[in-house]
>>> print(open('protein.txt').read())   # compact mmCIF, C-alpha atoms
# COMPACT_ATOMS: atom_id res chain seq x y z
CA MET A 1 87.58 115.86 119.13
CA ILE A 2 90.01 118.60 118.07
CA GLU A 3 92.94 116.73 119.65
CA ILE A 4 92.01 113.48 117.89
CA THR A 5 91.78 115.34 114.57
CA LYS A 6 95.25 116.81 115.12
CA VAL A 7 96.68 113.35 115.85
CA ILE A 8 95.07 111.89 112.73
CA LEU A 9 96.35 114.72 110.53
CA ALA A 10 99.83 114.42 112.05
CA GLN A 11 99.85 110.67 111.33
CA VAL A 12 98.73 111.24 107.74
CA TRP A 13 101.32 113.99 107.22
CA LYS A 14 104.09 111.79 108.65
CA ASP A 15 103.22 108.91 106.30
CA PHE A 16 103.02 111.30 103.36
CA LEU A 17 106.45 112.79 104.07
CA LEU A 18 108.05 109.37 104.51
CA GLU A 19 106.67 108.12 101.22
CA TYR A 20 107.47 111.36 99.40
CA ARG A 21 111.09 111.27 100.54
CA ALA A 22 111.68 107.55 99.98
CA ARG A 23 109.39 106.84 97.00
CA ASP A 24 110.12 103.17 97.62
CA VAL A 25 106.54 101.96 97.32
CA LEU A 26 104.49 104.24 95.09
CA ILE A 27 106.66 103.88 91.98
CA PRO A 28 107.12 100.06 92.14
CA VAL A 29 103.45 99.48 92.98
CA GLY A 30 102.37 101.87 90.24
CA ALA A 31 104.57 100.07 87.71
CA PHE A 32 103.21 96.71 88.86
CA SER A 33 99.59 97.88 88.51
CA ALA A 34 100.23 99.34 85.07
CA LEU A 35 101.86 96.08 84.00
CA ILE A 36 98.80 94.09 85.10
CA VAL A 37 96.51 96.33 83.03
CA ILE A 38 98.80 96.05 79.98
CA ILE A 39 99.10 92.26 80.26
CA PHE A 40 95.33 91.80 80.54
CA ASN A 41 94.77 94.14 77.61
CA PHE A 42 96.88 91.98 75.29
CA ALA A 43 96.07 88.60 76.84
CA LEU A 44 92.29 88.90 76.65
CA ASP A 45 92.13 90.30 73.09
CA ILE A 46 88.88 92.08 73.90
CA ARG A 47 86.59 93.11 71.07
CA PRO A 48 85.41 96.74 71.13
CA ALA A 49 81.85 95.75 71.96
CA GLN A 50 83.07 93.73 74.97
CA VAL A 51 85.29 96.45 76.47
CA PRO A 52 82.67 98.08 78.78
CA ASN A 53 81.82 94.64 80.14
CA VAL A 54 85.34 93.26 80.66
CA ALA A 55 87.59 96.28 81.32
CA PRO A 56 86.17 97.14 84.79
CA ALA A 57 87.21 93.70 86.04
CA VAL A 58 90.74 94.28 84.75
CA ILE A 59 91.22 97.62 86.48
CA TRP A 60 89.83 96.40 89.81
CA VAL A 61 92.03 93.32 89.77
CA ALA A 62 95.01 95.64 89.26
CA PHE A 63 93.92 97.97 92.08
CA THR A 64 93.29 95.05 94.44
CA PHE A 65 96.81 93.69 94.02
CA ALA A 66 98.19 97.21 94.38
CA SER A 67 96.28 97.57 97.64
CA ILE A 68 97.86 94.40 98.99
CA LEU A 69 101.36 95.66 98.24
CA GLY A 70 100.67 99.06 99.79
CA LEU A 71 99.05 97.58 102.90
CA ASN A 72 101.93 95.15 103.41
CA HIS A 73 104.22 98.13 103.60
CA SER A 74 101.99 100.29 105.80
CA PHE A 75 102.63 98.89 109.29
CA SER A 76 105.70 96.78 108.45
CA LYS A 77 107.61 100.00 107.73
CA GLU A 78 106.61 101.33 111.15
CA LYS A 79 107.71 98.12 112.85
CA GLU A 80 111.08 97.85 111.08
CA SER A 81 111.99 101.46 111.82
CA HIS A 82 110.64 101.18 115.41
CA GLY A 83 108.19 103.92 114.56
CA LEU A 84 105.36 101.80 115.94
CA ASP A 85 107.05 101.77 119.36
CA GLY A 86 107.04 105.56 119.31
CA LEU A 87 103.38 105.64 118.35
CA MET A 88 102.51 103.27 121.19
CA LEU A 89 104.32 105.51 123.68
CA ALA A 90 102.54 108.64 122.47
CA PRO A 91 99.72 109.81 124.77
CA VAL A 92 97.07 109.49 122.09
CA GLY A 93 94.14 107.18 121.49
CA ARG A 94 94.92 104.08 119.46
CA GLU A 95 91.82 104.70 117.37
CA ALA A 96 93.42 107.93 116.13
CA ILE A 97 96.50 105.99 114.98
CA TYR A 98 94.29 103.51 113.12
CA VAL A 99 92.17 106.20 111.45
CA GLY A 100 95.32 108.12 110.47
CA LYS A 101 96.71 104.97 108.88
CA VAL A 102 93.44 104.35 107.04
CA ILE A 103 93.45 107.86 105.58
CA GLY A 104 97.14 107.60 104.73
CA ILE A 105 96.82 104.36 102.76
CA PHE A 106 93.60 105.68 101.19
CA LEU A 107 95.42 108.74 99.85
CA PHE A 108 98.31 106.55 98.69
CA LEU A 109 95.92 104.35 96.69
CA ILE A 110 94.01 107.32 95.27
CA ILE A 111 97.27 108.83 93.99
CA LEU A 112 98.11 105.47 92.48
CA GLU A 113 94.72 105.30 90.77
CA ILE A 114 95.14 108.80 89.37
CA ALA A 115 98.39 107.60 87.77
CA ILE A 116 96.98 104.30 86.46
CA PHE A 117 93.60 105.45 85.14
CA PRO A 118 95.09 107.32 82.12
CA ILE A 119 96.89 104.13 81.03
CA PHE A 120 93.65 102.23 81.46
CA SER A 121 91.82 104.86 79.41
CA ILE A 122 94.34 104.71 76.56
CA LEU A 123 94.44 100.92 76.36
CA PHE A 124 90.68 100.33 76.63
CA ASN A 125 89.45 103.62 75.13
CA LEU A 126 87.16 104.37 78.06
CA ASP A 127 86.38 107.66 79.77
CA VAL A 128 87.95 107.72 83.24
CA LEU A 129 86.82 111.27 84.05
CA MET A 130 83.21 110.25 84.64
CA PRO A 131 82.07 111.39 88.13
CA LYS A 132 80.45 107.98 88.69
CA ILE A 133 83.77 106.20 88.13
CA TRP A 134 85.55 108.39 90.68
CA LEU A 135 82.75 107.98 93.21
CA ILE A 136 83.06 104.20 92.84
CA ALA A 137 86.85 104.40 93.10
CA THR A 138 86.70 106.59 96.20
CA ILE A 139 84.31 104.48 98.26
CA THR A 140 85.88 101.19 97.17
CA THR A 141 89.39 102.39 97.91
CA PHE A 142 88.32 103.57 101.34
CA GLY A 143 86.91 100.09 101.94
CA PHE A 144 90.22 98.51 100.91
CA SER A 145 92.05 100.81 103.31
CA SER A 146 89.76 100.33 106.32
CA ILE A 147 89.62 96.54 105.94
CA GLY A 148 93.25 96.11 104.95
CA ASN A 149 94.64 98.10 107.87
CA ILE A 150 92.91 95.82 110.37
CA PHE A 151 94.47 92.74 108.79
CA SER A 152 97.79 94.50 108.32
CA ILE A 153 97.97 95.04 112.08
CA MET A 154 96.90 91.45 112.74
CA ALA A 155 99.57 90.06 110.39
CA LEU A 156 102.28 92.39 111.66
CA ASN A 157 103.77 90.04 114.25
CA THR A 158 103.47 86.87 112.21
CA ARG A 159 106.42 85.32 110.40
CA ALA A 160 104.73 85.20 107.01
CA ARG A 161 102.87 88.51 107.06
CA GLU A 162 103.31 88.90 103.28
CA ILE A 163 101.25 85.72 102.87
CA ILE A 164 98.85 86.12 105.81
CA LEU A 165 97.61 89.55 104.70
CA PRO A 166 96.37 88.46 101.23
CA VAL A 167 94.82 85.30 102.72
CA LEU A 168 92.80 87.44 105.15
CA PHE A 169 92.20 90.40 102.84
CA PHE A 170 90.82 88.77 99.69
CA PRO A 171 87.88 86.79 101.16
CA ILE A 172 86.60 89.77 103.15
CA THR A 173 86.98 92.32 100.35
CA LEU A 174 85.58 90.03 97.65
CA PRO A 175 82.02 91.44 97.99
CA ILE A 176 83.17 95.04 97.50
CA ILE A 177 85.47 94.04 94.63
CA ILE A 178 82.49 92.43 92.89
CA ALA A 179 80.34 95.46 93.72
CA ALA A 180 82.96 97.85 92.30
CA ILE A 181 83.16 95.82 89.09
CA GLU A 182 79.38 95.76 88.71
CA LEU A 183 79.05 99.50 89.40
CA SER A 184 81.87 100.36 86.97
CA ARG A 185 80.37 98.10 84.34
CA ALA A 186 76.97 99.73 84.79
CA ALA A 187 78.52 103.20 84.53
CA TYR A 188 80.21 102.39 81.21
CA GLN A 189 77.14 100.64 79.83
CA GLY A 190 74.91 103.58 80.76
CA THR A 191 72.77 101.53 83.15
CA PRO A 192 70.63 103.69 85.48
CA TRP A 193 71.94 103.99 89.04
CA ASP A 194 68.62 102.76 90.44
CA SER A 195 69.29 99.25 89.19
CA THR A 196 72.74 99.13 90.80
CA LEU A 197 71.91 100.86 94.09
CA MET A 198 72.30 97.57 95.95
CA TRP A 199 76.01 97.38 95.03
CA LEU A 200 76.62 100.97 96.09
CA GLN A 201 74.94 100.37 99.45
CA LEU A 202 77.00 97.20 99.94
CA ILE A 203 80.29 99.07 99.61
CA LEU A 204 79.14 101.87 101.91
CA VAL A 205 78.03 99.36 104.57
CA PHE A 206 81.43 97.64 104.43
CA ASP A 207 83.19 101.01 104.71
CA ILE A 208 81.23 102.07 107.78
CA ILE A 209 81.37 98.70 109.55
CA PHE A 210 85.10 98.15 109.15
CA VAL A 211 86.27 101.67 109.94
CA LEU A 212 84.21 101.59 113.15
CA LEU A 213 85.38 98.04 113.91
CA GLY A 214 89.01 98.98 113.36
CA ALA A 215 88.77 102.08 115.54
CA THR A 216 87.08 100.06 118.30
CA LEU A 217 89.61 97.21 118.22
CA ALA A 218 92.68 99.36 117.62
CA GLU A 219 93.67 99.36 121.31
CA HIS A 220 93.72 95.56 121.50
CA LEU A 221 95.21 95.01 118.04
CA LEU A 222 98.12 97.39 118.54
CA GLN A 223 98.87 96.07 122.00
CA ASP A 224 99.25 92.56 120.62
>>> encode(input="protein.txt", output="structure tokens")
Amino acid sequence: MIEITKVILAQVWKDFLLEYRARDVLIPVGAFSALIVIIFNFALDIRPAQVPNVAPAVIWVAFTFASILGLNHSFSKEKESHGLDGLMLAPVGREAIYVGKVIGIFLFLIILEIAIFPIFSILFNLDVLMPKIWLIATITTFGFSSIGNIFSIMALNTRAREIILPVLFFPITLPIIIAAIELSRAAYQGTPWDSTLMWLQLILVFDIIFVLLGATLAEHLLQD
């Protein structure tokens, strides 16, 4: 267990250093996400009373598209730099590589959300420091990462991986996107958690199923 943990942490640290040095994804994806939020803010012309109902959908649409861009870059960068070949030669379990990638893209998306939430707050005049909002963001983002990394590996060796990944990703993540919107909406409307517990459980079930599925199938997926 200790060895697997070391491999996972090493994988996460490697991805962090590569992104920190290059900064070729975080800044463009952050700018893209911010632009989506700004466009929706002006295009929808939301009345103040409608903001708590409509704004959660806007922010989760922005984060979903940001996830796609980040996931497209996750394994493709490894393949283009032949880093994936090195990982495959390493005497470590493939599940550790997968989990490390999941945590890496999760942290990438969380950093992105930390940068975008203030813009969202200013434009829609909503509190983004609510613990409920960050709980929702954390579990939903982990779901995006665990699901997206499976499909990112599957699309890696296809010619049109930039198209294949969204086609696979959106239908599977649609339930947790809807759940995140409903939970965020309930948080801003002051709805008791008891009435939205079903949505919270749905996201958690997706998180657990797909991270276990990805770790189990990692050996076969990475070999292909």
>>> residues_around(input="protein.txt", residues="Ile208 (chain A)", least_positions_apart="6", cutoff="10 Å", atoms="all atoms listed in the file", output="PyMOL selection string")
chain A and resi 142-143+146
>>> closest_residue(input="protein.txt", among="A:Phe206, A:Phe32, A:Ile150, A:Gln201", to="Ala115 (chain A)", atoms="only C-alpha atoms")
A:Phe32
>>> atom_distance(input="protein.txt", atom1="CA of Trp60 (chain A)", atom2="CA of Val128 (chain A)")
13.2 Å
>>> residues_around(input="protein.txt", residues="Leu165 (chain A)", least_positions_apart="3", cutoff="7 Å", atoms="only C-alpha atoms", output="PyMOL selection string")
chain A and resi 151-152+155+161-162+168-169
>>> atom_distance(input="protein.txt", atom1="CA of Ala187 (chain A)", atom2="CA of Ala34 (chain A)")
22.1 Å
>>> residues_around(input="protein.txt", residues="Phe40 (chain A)", least_positions_apart="4", cutoff="9 Å", atoms="only C-alpha atoms", output="MDAnalysis selection string")
chainID A and resid 35:36 44:45 55 58
>>> write_last_selection(input="protein.txt", atoms="C-alpha atoms", output="CSV table (one decimal), in the coordinates of the input")
chain,number,residue,atom,x,y,z
A,35,LEU,CA,101.9,96.1,84.0
A,36,ILE,CA,98.8,94.1,85.1
A,44,LEU,CA,92.3,88.9,76.6
A,45,ASP,CA,92.1,90.3,73.1
A,55,ALA,CA,87.6,96.3,81.3
A,58,VAL,CA,90.7,94.3,84.8
>>> residues_around(input="protein.txt", residues="Leu71 (chain A)", least_positions_apart="5", cutoff="10 Å", atoms="all atoms listed in the file", output="PDB file with C-alpha atoms, in the frame of the given file")
ATOM      1  CA  PHE A  65      96.810  93.690  94.020  1.00  0.00           C
ATOM      2  CA  ALA A  66      98.190  97.210  94.380  1.00  0.00           C
ATOM      3  CA  SER A  76     105.700  96.780 108.450  1.00  0.00           C
ATOM      4  CA  LYS A 101      96.710 104.970 108.880  1.00  0.00           C
ATOM      5  CA  VAL A 102      93.440 104.350 107.040  1.00  0.00           C
ATOM      6  CA  ILE A 105      96.820 104.360 102.760  1.00  0.00           C
ATOM      7  CA  PHE A 106      93.600 105.680 101.190  1.00  0.00           C
ATOM      8  CA  PHE A 108      98.310 106.550  98.690  1.00  0.00           C
ATOM      9  CA  LEU A 109      95.920 104.350  96.690  1.00  0.00           C
ATOM     10  CA  PHE A 144      90.220  98.510 100.910  1.00  0.00           C
ATOM     11  CA  SER A 145      92.050 100.810 103.310  1.00  0.00           C
ATOM     12  CA  ILE A 147      89.620  96.540 105.940  1.00  0.00           C
ATOM     13  CA  GLY A 148      93.250  96.110 104.950  1.00  0.00           C
ATOM     14  CA  ASN A 149      94.640  98.100 107.870  1.00  0.00           C
ATOM     15  CA  ILE A 150      92.910  95.820 110.370  1.00  0.00           C
ATOM     16  CA  PHE A 151      94.470  92.740 108.790  1.00  0.00           C
ATOM     17  CA  SER A 152      97.790  94.500 108.320  1.00  0.00           C
ATOM     18  CA  ILE A 153      97.970  95.040 112.080  1.00  0.00           C
ATOM     19  CA  GLU A 162     103.310  88.900 103.280  1.00  0.00           C
ATOM     20  CA  LEU A 165      97.610  89.550 104.700  1.00  0.00           C
ATOM     21  CA  PRO A 166      96.370  88.460 101.230  1.00  0.00           C
ATOM     22  CA  PHE A 169      92.200  90.400 102.840  1.00  0.00           C
TER      23      PHE A 169
END
>>> residues_around(input="protein.txt", residues="Pro56 (chain A)", least_positions_apart="6", cutoff="12 Å", atoms="all atoms listed in the file", output="PyMOL selection string")
chain A and resi 37+40-41+50+62-63+117+120-121+124+126-128+133+136-137+177-189
>>> atom_distance(input="protein.txt", atom1="CA of Trp193 (chain A)", atom2="CA of Pro52 (chain A)")
16.0 Å
>>> closest_residue(input="protein.txt", among="A:Ile38, A:Val205, A:Thr191, A:Gly214", to="Asn53 (chain A)", atoms="all atoms listed in the file")
A:Thr191
>>> axis_aligned_box(input="protein.txt", around="region 163-177 of chain A", padding_each_side="4 Å", output="JSON")
{"center_x": 91.6, "center_y": 90.2, "center_z": 100.2, "size_x": 27.2, "size_y": 17.7, "size_z": 19.2}
